[in-house]
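So the structure is just underneath, and the comments pick up after that.
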Amino acid sequence: MSTILIKNAQVVNEGTIQVQDLFIKNGRIEKISTSLDMDADQVINADGLHLFPGLIDDQVHFREPGLTHKANIFTESRAAVAGGTTSFMEMPNTVPNTLTQKLLQDKYDIAQDSSLANYSFFMGAANDNLDEVLKTNPRDVCGIKVFMGSSTGNMLVDNEAALEAIFSQAPTLIATHCEDELTIQENLAIYKEKYGDEVTIEMHPLIRSAEACYLSSSKAVELAKKNNTRLHILHISTAKETGLFENDVPLEQKRITAEACIHHLWFSDADYKTKGNFIKWNPAVKTANDRDAILKAVLDGHIDVIATDHAPHTLEEKSQPYLQAPSGGPLVQHALQALLDMVKQGKLTLEQMVQKTAHNTAILFQIEQRGFIREGYWADLVLVDLNKPYTVTKENILSKCGWSPFENHTFTSTIEHTLVSGLLAYTNGQIQEVGSGHRLLFNR
């Protein structure tokens, strides 16, 4: 295993920013000091660069197996490391849905051969697979995913007895997608009756409404409190939902946690006019007031982590009329740059960003030896030039779908180097196609 010495980096870690050197050996950070003079196979001069723990994205859809015309684990992990995301947790609504332990293992086998980033995969829950769910190993699987709203295939869990059984017996963390299906269908019927096939994207947050989100999220919280479930609610999209969560105990002690996503922190319903279906997500991007409330909840600790819900579709699929166009879009390559733009705008600090994208995700999921810049920890790191603009173009988009909601936007920062498990996975605009990704392990 090669050694790497990083010199003179502005290290952002555990609430501080200080100039430090790092020596990396056998994939791990062996030494951190203000001045290191050690022989290394490679020296990275980080003068003028900021060094962050690599982002840990707890919600992505990389589309493999079964939907690989949109994306696959190799292409999307490539986009991830180019954007400074060094670890991901991928969702079970692939084809076939990940509803058995064998299908779950199949995904790990694919990632072992092809992922440039560290990886874990959620076990999927359905109305009728409790026996398989209960076999999930908390040590090497990030969690169990429950769709309490519209989803793909057989993954909408709407049977009350099944929900009760999952929440009362789950062997590890449950992550939920919360939208009330009955409310959505009633809203959709109203808009279809009024507008027929002329329902437009501007109506998306009214169909997939704030009420639909709150009804489902509050039900999940109620079930979790009743059963003392370790619950993590994904992609909070409304101001009202933020009131479901507490910030009165340390994250390590929380039984109910929440995630915010890049698109709900960046866009609002005013952007549908220009972005159209390219910002069509479930849950929907809603009002500016919702967006501002979500950021406030991130900063005050009611929401614990920031992720992407990266979910690519082809350009052709997204270009269909609103009712036919699928929800979701690629975000993992530009998440860090978007957050750094928000730092430049004064909306959060570098230290807060690191806390919410790396430290807290590691704490929340109990990830072993990742998420912090510490001696002995895996070297999952990203070096960024905060003063080098970067324009998103079709030519530099690495997701297989080939488009981005940030296309033609100029970010204020550029990702220079990404290290995954001590190997340079991305450097100076080039992917280093090496098998750097490791399976995440959890201290449970």
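Labels used: A, B, ... for chains in the order of the structure tokens, numbers from 1 for residues in each chain, and numbers from 1 for ligands as shown.
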
Enumerate, as a ChimeraX atom specification, the complete set of residues in stretch 2-98 of chain A that a backbone-based DSSP assignment places in helix (DSSP H, G or I).
/A:73-82

Next, write the just-selected residues to a file, as a PDB file, in the first residue's frame, keeping N, CA, C and O atoms as the atom set.
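Result file is part.pdb:
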ATOM      1  N   ILE A  73     -23.662   1.350 -10.399  1.00  0.00           N
ATOM      2  CA  ILE A  73     -22.843   1.636  -9.221  1.00  0.00           C
ATOM      3  C   ILE A  73     -21.500   2.241  -9.610  1.00  0.00           C
ATOM      4  O   ILE A  73     -21.014   3.171  -8.956  1.00  0.00           O
ATOM      5  N   PHE A  74     -20.914   1.768 -10.695  1.00  0.00           N
ATOM      6  CA  PHE A  74     -19.637   2.341 -11.131  1.00  0.00           C
ATOM      7  C   PHE A  74     -19.789   3.801 -11.544  1.00  0.00           C
ATOM      8  O   PHE A  74     -19.061   4.681 -11.063  1.00  0.00           O
ATOM      9  N   THR A  75     -20.743   4.099 -12.433  1.00  0.00           N
ATOM     10  CA  THR A  75     -20.847   5.470 -12.949  1.00  0.00           C
ATOM     11  C   THR A  75     -21.197   6.457 -11.845  1.00  0.00           C
ATOM     12  O   THR A  75     -20.663   7.572 -11.797  1.00  0.00           O
ATOM     13  N   GLU A  76     -22.083   6.061 -10.947  1.00  0.00           N
ATOM     14  CA  GLU A  76     -22.537   7.021  -9.929  1.00  0.00           C
ATOM     15  C   GLU A  76     -21.527   7.145  -8.788  1.00  0.00           C
ATOM     16  O   GLU A  76     -21.399   8.221  -8.195  1.00  0.00           O
ATOM     17  N   SER A  77     -20.794   6.064  -8.490  1.00  0.00           N
ATOM     18  CA  SER A  77     -19.720   6.208  -7.499  1.00  0.00           C
ATOM     19  C   SER A  77     -18.600   7.065  -8.063  1.00  0.00           C
ATOM     20  O   SER A  77     -17.925   7.796  -7.327  1.00  0.00           O
ATOM     21  N   ARG A  78     -18.410   7.010  -9.373  1.00  0.00           N
ATOM     22  CA  ARG A  78     -17.449   7.886 -10.045  1.00  0.00           C
ATOM     23  C   ARG A  78     -17.865   9.353  -9.875  1.00  0.00           C
ATOM     24  O   ARG A  78     -17.044  10.209  -9.523  1.00  0.00           O
ATOM     25  N   ALA A  79     -19.139   9.643 -10.101  1.00  0.00           N
ATOM     26  CA  ALA A  79     -19.637  11.003  -9.894  1.00  0.00           C
ATOM     27  C   ALA A  79     -19.501  11.417  -8.432  1.00  0.00           C
ATOM     28  O   ALA A  79     -19.185  12.572  -8.117  1.00  0.00           O
ATOM     29  N   ALA A  80     -19.729  10.459  -7.526  1.00  0.00           N
ATOM     30  CA  ALA A  80     -19.645  10.752  -6.099  1.00  0.00           C
ATOM     31  C   ALA A  80     -18.241  11.203  -5.710  1.00  0.00           C
ATOM     32  O   ALA A  80     -18.067  12.251  -5.074  1.00  0.00           O
ATOM     33  N   VAL A  81     -17.235  10.424  -6.083  1.00  0.00           N
ATOM     34  CA  VAL A  81     -15.877  10.784  -5.651  1.00  0.00           C
ATOM     35  C   VAL A  81     -15.406  12.068  -6.327  1.00  0.00           C
ATOM     36  O   VAL A  81     -14.655  12.852  -5.727  1.00  0.00           O
ATOM     37  N   ALA A  82     -15.869  12.332  -7.550  1.00  0.00           N
ATOM     38  CA  ALA A  82     -15.533  13.599  -8.204  1.00  0.00           C
ATOM     39  C   ALA A  82     -16.123  14.782  -7.440  1.00  0.00           C
ATOM     40  O   ALA A  82     -15.606  15.903  -7.535  1.00  0.00           O
TER      41      ALA A  82
END

Which residues, written as an mmCIF file with C-alpha atoms, in the first residue's frame, have at least one atom at most 10 Å from stretch 311-318 of chain A, with only C-alpha atoms counted and residues fewer than 6 positions away on the same chain left out?
data_model
loop_
_atom_site.group_PDB
_atom_site.id
_atom_site.type_symbol
_atom_site.label_atom_id
_atom_site.label_comp_id
_atom_site.auth_asym_id
_atom_site.auth_seq_id
_atom_site.Cartn_x
_atom_site.Cartn_y
_atom_site.Cartn_z
ATOM 1 C CA GLN A 59 -29.479 8.269 0.615
ATOM 2 C CA VAL A 60 -28.708 7.515 -3.029
ATOM 3 C CA HIS A 61 -30.325 5.523 -5.830
ATOM 4 C CA PHE A 62 -27.618 4.118 -8.109
ATOM 5 C CA ARG A 63 -30.115 2.031 -10.156
ATOM 6 C CA LEU A 67 -32.338 0.091 -14.187
ATOM 7 C CA THR A 68 -28.845 0.447 -15.562
ATOM 8 C CA HIS A 69 -29.942 2.457 -18.593
ATOM 9 C CA LYS A 70 -30.201 5.318 -16.059
ATOM 10 C CA ALA A 71 -27.125 4.656 -13.907
ATOM 11 C CA ASN A 72 -25.019 1.976 -12.288
ATOM 12 C CA GLU A 76 -22.537 7.021 -9.929
ATOM 13 C CA MET A 91 -31.716 2.359 -1.587
ATOM 14 C CA GLY A 276 -39.508 22.156 -14.790
ATOM 15 C CA ASN A 277 -39.352 18.393 -14.360
ATOM 16 C CA PHE A 278 -35.604 18.606 -13.736
ATOM 17 C CA ILE A 279 -36.397 19.520 -10.134
ATOM 18 C CA LYS A 280 -39.292 17.077 -9.852
ATOM 19 C CA TRP A 281 -38.584 15.042 -6.730
ATOM 20 C CA GLN A 324 -45.331 10.870 -17.157
ATOM 21 C CA ALA A 325 -41.945 12.213 -16.077
ATOM 22 C CA PRO A 326 -40.383 10.272 -13.175
ATOM 23 C CA SER A 327 -39.290 11.980 -9.972
ATOM 24 C CA GLY A 328 -35.644 12.266 -8.999
ATOM 25 C CA GLY A 329 -32.399 13.656 -10.337
ATOM 26 C CA PRO A 330 -28.610 13.486 -10.099
ATOM 27 C CA LEU A 331 -27.038 15.453 -7.242
ATOM 28 C CA VAL A 332 -24.114 13.530 -5.781
ATOM 29 C CA SER A 399 -23.485 10.648 -13.844
ATOM 30 C CA LYS A 400 -24.557 8.279 -16.588
ATOM 31 C CA CYS A 401 -27.732 10.284 -17.286
ATOM 32 C CA GLY A 402 -25.593 13.176 -18.553
ATOM 33 C CA TRP A 403 -27.597 16.082 -17.099
ATOM 34 C CA SER A 404 -27.790 18.031 -13.863
#

Measuring between only C-alpha atoms, which one of A:Leu188, A:Asp58, A:Tyr119, A:Cys178 shows the shortest distance to A:Cys261?
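Looking only at the distances to A:Cys261, the closest residue turns out to be A:Asp58.
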
Between A:Leu5, A:Trp378, A:Ala224, A:Thr410, single out the one closest to A:Tyr390, counting only C-alpha atoms.
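When distances to A:Tyr390 are compared using only C-alpha atoms, the smallest one comes from A:Thr410.
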
Show me, as a list in words, the residues that have an atom within 8 Å of A:Ser237 when counting only C-alpha atoms, minus same-chain residues fewer than 5 positions from it.
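That gives Ala210, Cys213, Ala260, His264, Pro283, Ala284, Val285, Lys286, Asp290, Arg291 and Ile294 of chain A.
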
Could you jot down the atom CA of A:Thr172 to atom CA of A:Leu134 separation for me, Å, one decimal place?
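Interatomic distance here is 9.0 Å.
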
Mind running stretch 25-122 of chain A against stretch 348-359 of chain A at 10 Å and telling me each contacting residue's nearest atom pair with the distance in Å (one decimal), counting only C-alpha atoms, chain and number ascending, as CSV?
residue,atom,partner,partner_atom,distance
A:His50,CA,A:Leu350,CA,9.7
A:Phe52,CA,A:Val354,CA,6.9
A:Pro53,CA,A:Ala358,CA,6.3
A:Gly54,CA,A:Ala358,CA,6.6
A:Leu55,CA,A:Ala358,CA,5.2
A:Ile56,CA,A:Ala358,CA,5.4
A:Asp57,CA,A:Thr357,CA,7.3
A:Asp58,CA,A:Thr357,CA,9.2
A:Thr85,CA,A:Thr357,CA,9.2
A:Thr86,CA,A:Ala358,CA,9.7
A:Ser87,CA,A:Ala358,CA,9.5

Print the selection's residues with all heavy atoms to a file, as a CSV table (one decimal), in the first residue's frame.
chain,number,residue,atom,x,y,z
A,50,HIS,N,-8.6,23.6,1.3
A,50,HIS,CA,-9.2,23.2,2.6
A,50,HIS,C,-9.4,21.7,2.5
A,50,HIS,O,-9.8,21.1,1.4
A,50,HIS,CB,-10.6,23.9,2.7
A,50,HIS,CG,-10.5,25.3,3.3
A,50,HIS,ND1,-9.9,26.3,2.5
A,50,HIS,CD2,-10.8,25.8,4.5
A,50,HIS,CE1,-10.0,27.4,3.2
A,50,HIS,NE2,-10.4,27.1,4.4
A,52,PHE,N,-11.5,18.5,4.0
A,52,PHE,CA,-12.7,18.0,4.8
A,52,PHE,C,-12.7,16.5,4.8
A,52,PHE,O,-12.2,15.8,4.0
A,52,PHE,CB,-13.9,18.5,4.0
A,52,PHE,CG,-14.0,19.9,3.7
A,52,PHE,CD1,-13.9,20.3,2.3
A,52,PHE,CD2,-14.2,20.9,4.6
A,52,PHE,CE1,-14.0,21.7,2.0
A,52,PHE,CE2,-14.2,22.2,4.3
A,52,PHE,CZ,-14.2,22.6,3.0
A,53,PRO,N,-13.4,16.0,5.9
A,53,PRO,CA,-13.7,14.6,5.8
A,53,PRO,C,-14.6,14.3,4.6
A,53,PRO,O,-15.5,15.2,4.3
A,53,PRO,CB,-14.5,14.3,7.1
A,53,PRO,CG,-14.3,15.5,7.9
A,53,PRO,CD,-14.0,16.6,7.0
A,54,GLY,N,-14.4,13.2,3.9
A,54,GLY,CA,-15.3,13.0,2.7
A,54,GLY,C,-16.7,12.9,3.1
A,54,GLY,O,-17.1,12.5,4.3
A,55,LEU,N,-17.6,13.4,2.3
A,55,LEU,CA,-19.0,13.4,2.6
A,55,LEU,C,-19.5,11.9,2.6
A,55,LEU,O,-19.1,11.1,1.9
A,55,LEU,CB,-19.8,14.1,1.5
A,55,LEU,CG,-20.0,15.6,1.7
A,55,LEU,CD1,-18.6,16.3,1.6
A,55,LEU,CD2,-21.0,16.2,0.7
A,56,ILE,N,-20.4,11.7,3.6
A,56,ILE,CA,-21.1,10.4,3.7
A,56,ILE,C,-22.6,10.6,3.3
A,56,ILE,O,-23.3,11.3,4.1
A,56,ILE,CB,-21.0,9.8,5.1
A,56,ILE,CG1,-19.5,9.7,5.5
A,56,ILE,CG2,-21.6,8.4,5.1
A,56,ILE,CD1,-19.3,9.3,7.0
A,57,ASP,N,-23.0,10.1,2.2
A,57,ASP,CA,-24.4,10.3,1.7
A,57,ASP,C,-25.2,9.2,2.1
A,57,ASP,O,-25.1,8.0,1.6
A,57,ASP,CB,-24.3,10.5,0.2
A,57,ASP,CG,-25.6,11.1,-0.4
A,57,ASP,OD1,-26.7,10.9,0.2
A,57,ASP,OD2,-25.6,11.7,-1.5
A,58,ASP,N,-26.2,9.4,3.0
A,58,ASP,CA,-27.0,8.3,3.5
A,58,ASP,C,-28.2,8.0,2.6
A,58,ASP,O,-29.0,7.1,3.0
A,58,ASP,CB,-27.4,8.6,4.9
A,58,ASP,CG,-28.5,9.6,5.1
A,58,ASP,OD1,-28.9,10.2,4.1
A,58,ASP,OD2,-29.0,9.8,6.2
A,85,THR,N,-17.8,13.0,-2.3
A,85,THR,CA,-18.5,12.1,-1.5
A,85,THR,C,-17.8,10.7,-1.5
A,85,THR,O,-17.6,10.2,-2.6
A,85,THR,CB,-19.9,11.9,-2.0
A,85,THR,OG1,-20.7,13.1,-1.8
A,85,THR,CG2,-20.7,10.8,-1.3
A,86,THR,N,-17.3,10.3,-0.3
A,86,THR,CA,-16.5,9.1,-0.3
A,86,THR,C,-17.2,7.9,0.2
A,86,THR,O,-16.7,6.8,0.0
A,86,THR,CB,-15.3,9.4,0.7
A,86,THR,OG1,-15.8,9.8,2.0
A,86,THR,CG2,-14.4,10.5,0.1
A,87,SER,N,-18.4,8.0,0.7
A,87,SER,CA,-19.2,6.8,1.1
A,87,SER,C,-20.7,7.1,0.8
A,87,SER,O,-21.1,8.2,0.9
A,87,SER,CB,-19.1,6.6,2.6
A,87,SER,OG,-17.7,6.3,3.0

DSSP on the backbone: what in stretch 215-294 of chain A comes out strand (DSSP E or B), as a ChimeraX atom specification?
/A:231-233,256-261

Kindly export the residues of the current selection with all heavy atoms, as a PDB file, in the first residue's frame.
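Output file part-v1.pdb is given in full below:
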ATOM      1  N   LEU A 231     -35.471   5.266  14.522  1.00  0.00           N
ATOM      2  CA  LEU A 231     -36.090   5.775  13.296  1.00  0.00           C
ATOM      3  C   LEU A 231     -35.303   6.941  12.738  1.00  0.00           C
ATOM      4  O   LEU A 231     -34.914   7.854  13.465  1.00  0.00           O
ATOM      5  CB  LEU A 231     -37.526   6.230  13.587  1.00  0.00           C
ATOM      6  CG  LEU A 231     -38.256   6.974  12.455  1.00  0.00           C
ATOM      7  CD1 LEU A 231     -38.524   6.061  11.266  1.00  0.00           C
ATOM      8  CD2 LEU A 231     -39.561   7.591  12.972  1.00  0.00           C
ATOM      9  N   HIS A 232     -35.104   6.927  11.424  1.00  0.00           N
ATOM     10  CA  HIS A 232     -34.453   8.028  10.707  1.00  0.00           C
ATOM     11  C   HIS A 232     -35.359   8.409   9.538  1.00  0.00           C
ATOM     12  O   HIS A 232     -35.582   7.603   8.627  1.00  0.00           O
ATOM     13  CB  HIS A 232     -33.088   7.570  10.198  1.00  0.00           C
ATOM     14  CG  HIS A 232     -32.284   8.626   9.510  1.00  0.00           C
ATOM     15  ND1 HIS A 232     -32.040   9.859  10.063  1.00  0.00           N
ATOM     16  CD2 HIS A 232     -31.639   8.616   8.296  1.00  0.00           C
ATOM     17  CE1 HIS A 232     -31.279  10.569   9.235  1.00  0.00           C
ATOM     18  NE2 HIS A 232     -31.031   9.839   8.149  1.00  0.00           N
ATOM     19  N   ILE A 233     -35.909   9.621   9.556  1.00  0.00           N
ATOM     20  CA  ILE A 233     -36.826  10.053   8.495  1.00  0.00           C
ATOM     21  C   ILE A 233     -36.038  10.835   7.451  1.00  0.00           C
ATOM     22  O   ILE A 233     -35.346  11.810   7.760  1.00  0.00           O
ATOM     23  CB  ILE A 233     -37.991  10.887   9.049  1.00  0.00           C
ATOM     24  CG1 ILE A 233     -38.799  10.057  10.058  1.00  0.00           C
ATOM     25  CG2 ILE A 233     -38.891  11.361   7.908  1.00  0.00           C
ATOM     26  CD1 ILE A 233     -40.065  10.718  10.548  1.00  0.00           C
ATOM     27  N   ILE A 256     -34.881   9.113  17.399  1.00  0.00           N
ATOM     28  CA  ILE A 256     -35.561   9.575  16.182  1.00  0.00           C
ATOM     29  C   ILE A 256     -34.743  10.716  15.589  1.00  0.00           C
ATOM     30  O   ILE A 256     -34.485  11.716  16.259  1.00  0.00           O
ATOM     31  CB  ILE A 256     -36.998  10.037  16.491  1.00  0.00           C
ATOM     32  CG1 ILE A 256     -37.818   8.869  17.063  1.00  0.00           C
ATOM     33  CG2 ILE A 256     -37.662  10.609  15.241  1.00  0.00           C
ATOM     34  CD1 ILE A 256     -39.186   9.269  17.574  1.00  0.00           C
ATOM     35  N   THR A 257     -34.308  10.538  14.342  1.00  0.00           N
ATOM     36  CA  THR A 257     -33.460  11.519  13.677  1.00  0.00           C
ATOM     37  C   THR A 257     -34.030  11.861  12.305  1.00  0.00           C
ATOM     38  O   THR A 257     -34.976  11.221  11.833  1.00  0.00           O
ATOM     39  CB  THR A 257     -32.019  10.982  13.530  1.00  0.00           C
ATOM     40  OG1 THR A 257     -32.061   9.698  12.878  1.00  0.00           O
ATOM     41  CG2 THR A 257     -31.350  10.841  14.890  1.00  0.00           C
ATOM     42  N   ALA A 258     -33.432  12.871  11.669  1.00  0.00           N
ATOM     43  CA  ALA A 258     -33.975  13.345  10.386  1.00  0.00           C
ATOM     44  C   ALA A 258     -32.866  13.819   9.469  1.00  0.00           C
ATOM     45  O   ALA A 258     -31.780  14.211   9.906  1.00  0.00           O
ATOM     46  CB  ALA A 258     -34.970  14.476  10.630  1.00  0.00           C
ATOM     47  N   GLU A 259     -33.186  13.805   8.177  1.00  0.00           N
ATOM     48  CA  GLU A 259     -32.267  14.193   7.109  1.00  0.00           C
ATOM     49  C   GLU A 259     -32.883  15.311   6.272  1.00  0.00           C
ATOM     50  O   GLU A 259     -34.087  15.316   6.018  1.00  0.00           O
ATOM     51  CB  GLU A 259     -32.016  12.960   6.228  1.00  0.00           C
ATOM     52  CG  GLU A 259     -31.287  13.237   4.919  1.00  0.00           C
ATOM     53  CD  GLU A 259     -31.697  12.236   3.845  1.00  0.00           C
ATOM     54  OE1 GLU A 259     -31.041  11.192   3.752  1.00  0.00           O
ATOM     55  OE2 GLU A 259     -32.688  12.504   3.109  1.00  0.00           O
ATOM     56  N   ALA A 260     -32.029  16.238   5.842  1.00  0.00           N
ATOM     57  CA  ALA A 260     -32.400  17.224   4.825  1.00  0.00           C
ATOM     58  C   ALA A 260     -31.593  16.931   3.565  1.00  0.00           C
ATOM     59  O   ALA A 260     -30.479  16.419   3.645  1.00  0.00           O
ATOM     60  CB  ALA A 260     -32.104  18.637   5.306  1.00  0.00           C
ATOM     61  N   CYS A 261     -32.160  17.268   2.410  1.00  0.00           N
ATOM     62  CA  CYS A 261     -31.474  17.023   1.137  1.00  0.00           C
ATOM     63  C   CYS A 261     -31.127  18.330   0.441  1.00  0.00           C
ATOM     64  O   CYS A 261     -31.778  19.367   0.646  1.00  0.00           O
ATOM     65  CB  CYS A 261     -32.328  16.150   0.230  1.00  0.00           C
ATOM     66  SG  CYS A 261     -32.334  14.419   0.740  1.00  0.00           S
TER      67      CYS A 261
END

For A:Lys107, the nearest of the candidates A:Ala293, A:Ala126, A:Pro65, A:Ser217, counting only C-alpha atoms:
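Among the listed residues, the smallest separation from A:Lys107 belongs to A:Pro65.
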
Between A:Val199, A:Ala162, A:Val141, A:Ala212, which residue has the minimum interatomic distance to A:Thr183, considering only C-alpha atoms?
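Smallest separation from A:Thr183 among the options: A:Ala212.
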
In terms of the shortest atom-to-atom distance over only C-alpha atoms, which of A:Ile306, A:Ala40, A:Leu22, A:Ala165 is closest to A:His235?
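Comparing A:Ile306, A:Ala40, A:Leu22, A:Ala165 against A:His235, the winner is A:Ile306.
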
Residues within 9 Å of A:Thr287, please, as a list of chain:residue names. Count only C-alpha atoms; anything in the same chain fewer than 4 positions from it doesn't count.
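With the cut-off at 9 Å, the set is A:Pro205, A:Thr238, A:Phe267, A:Ser268, A:Asp269, A:Ala270, A:Arg291, A:Asp292.
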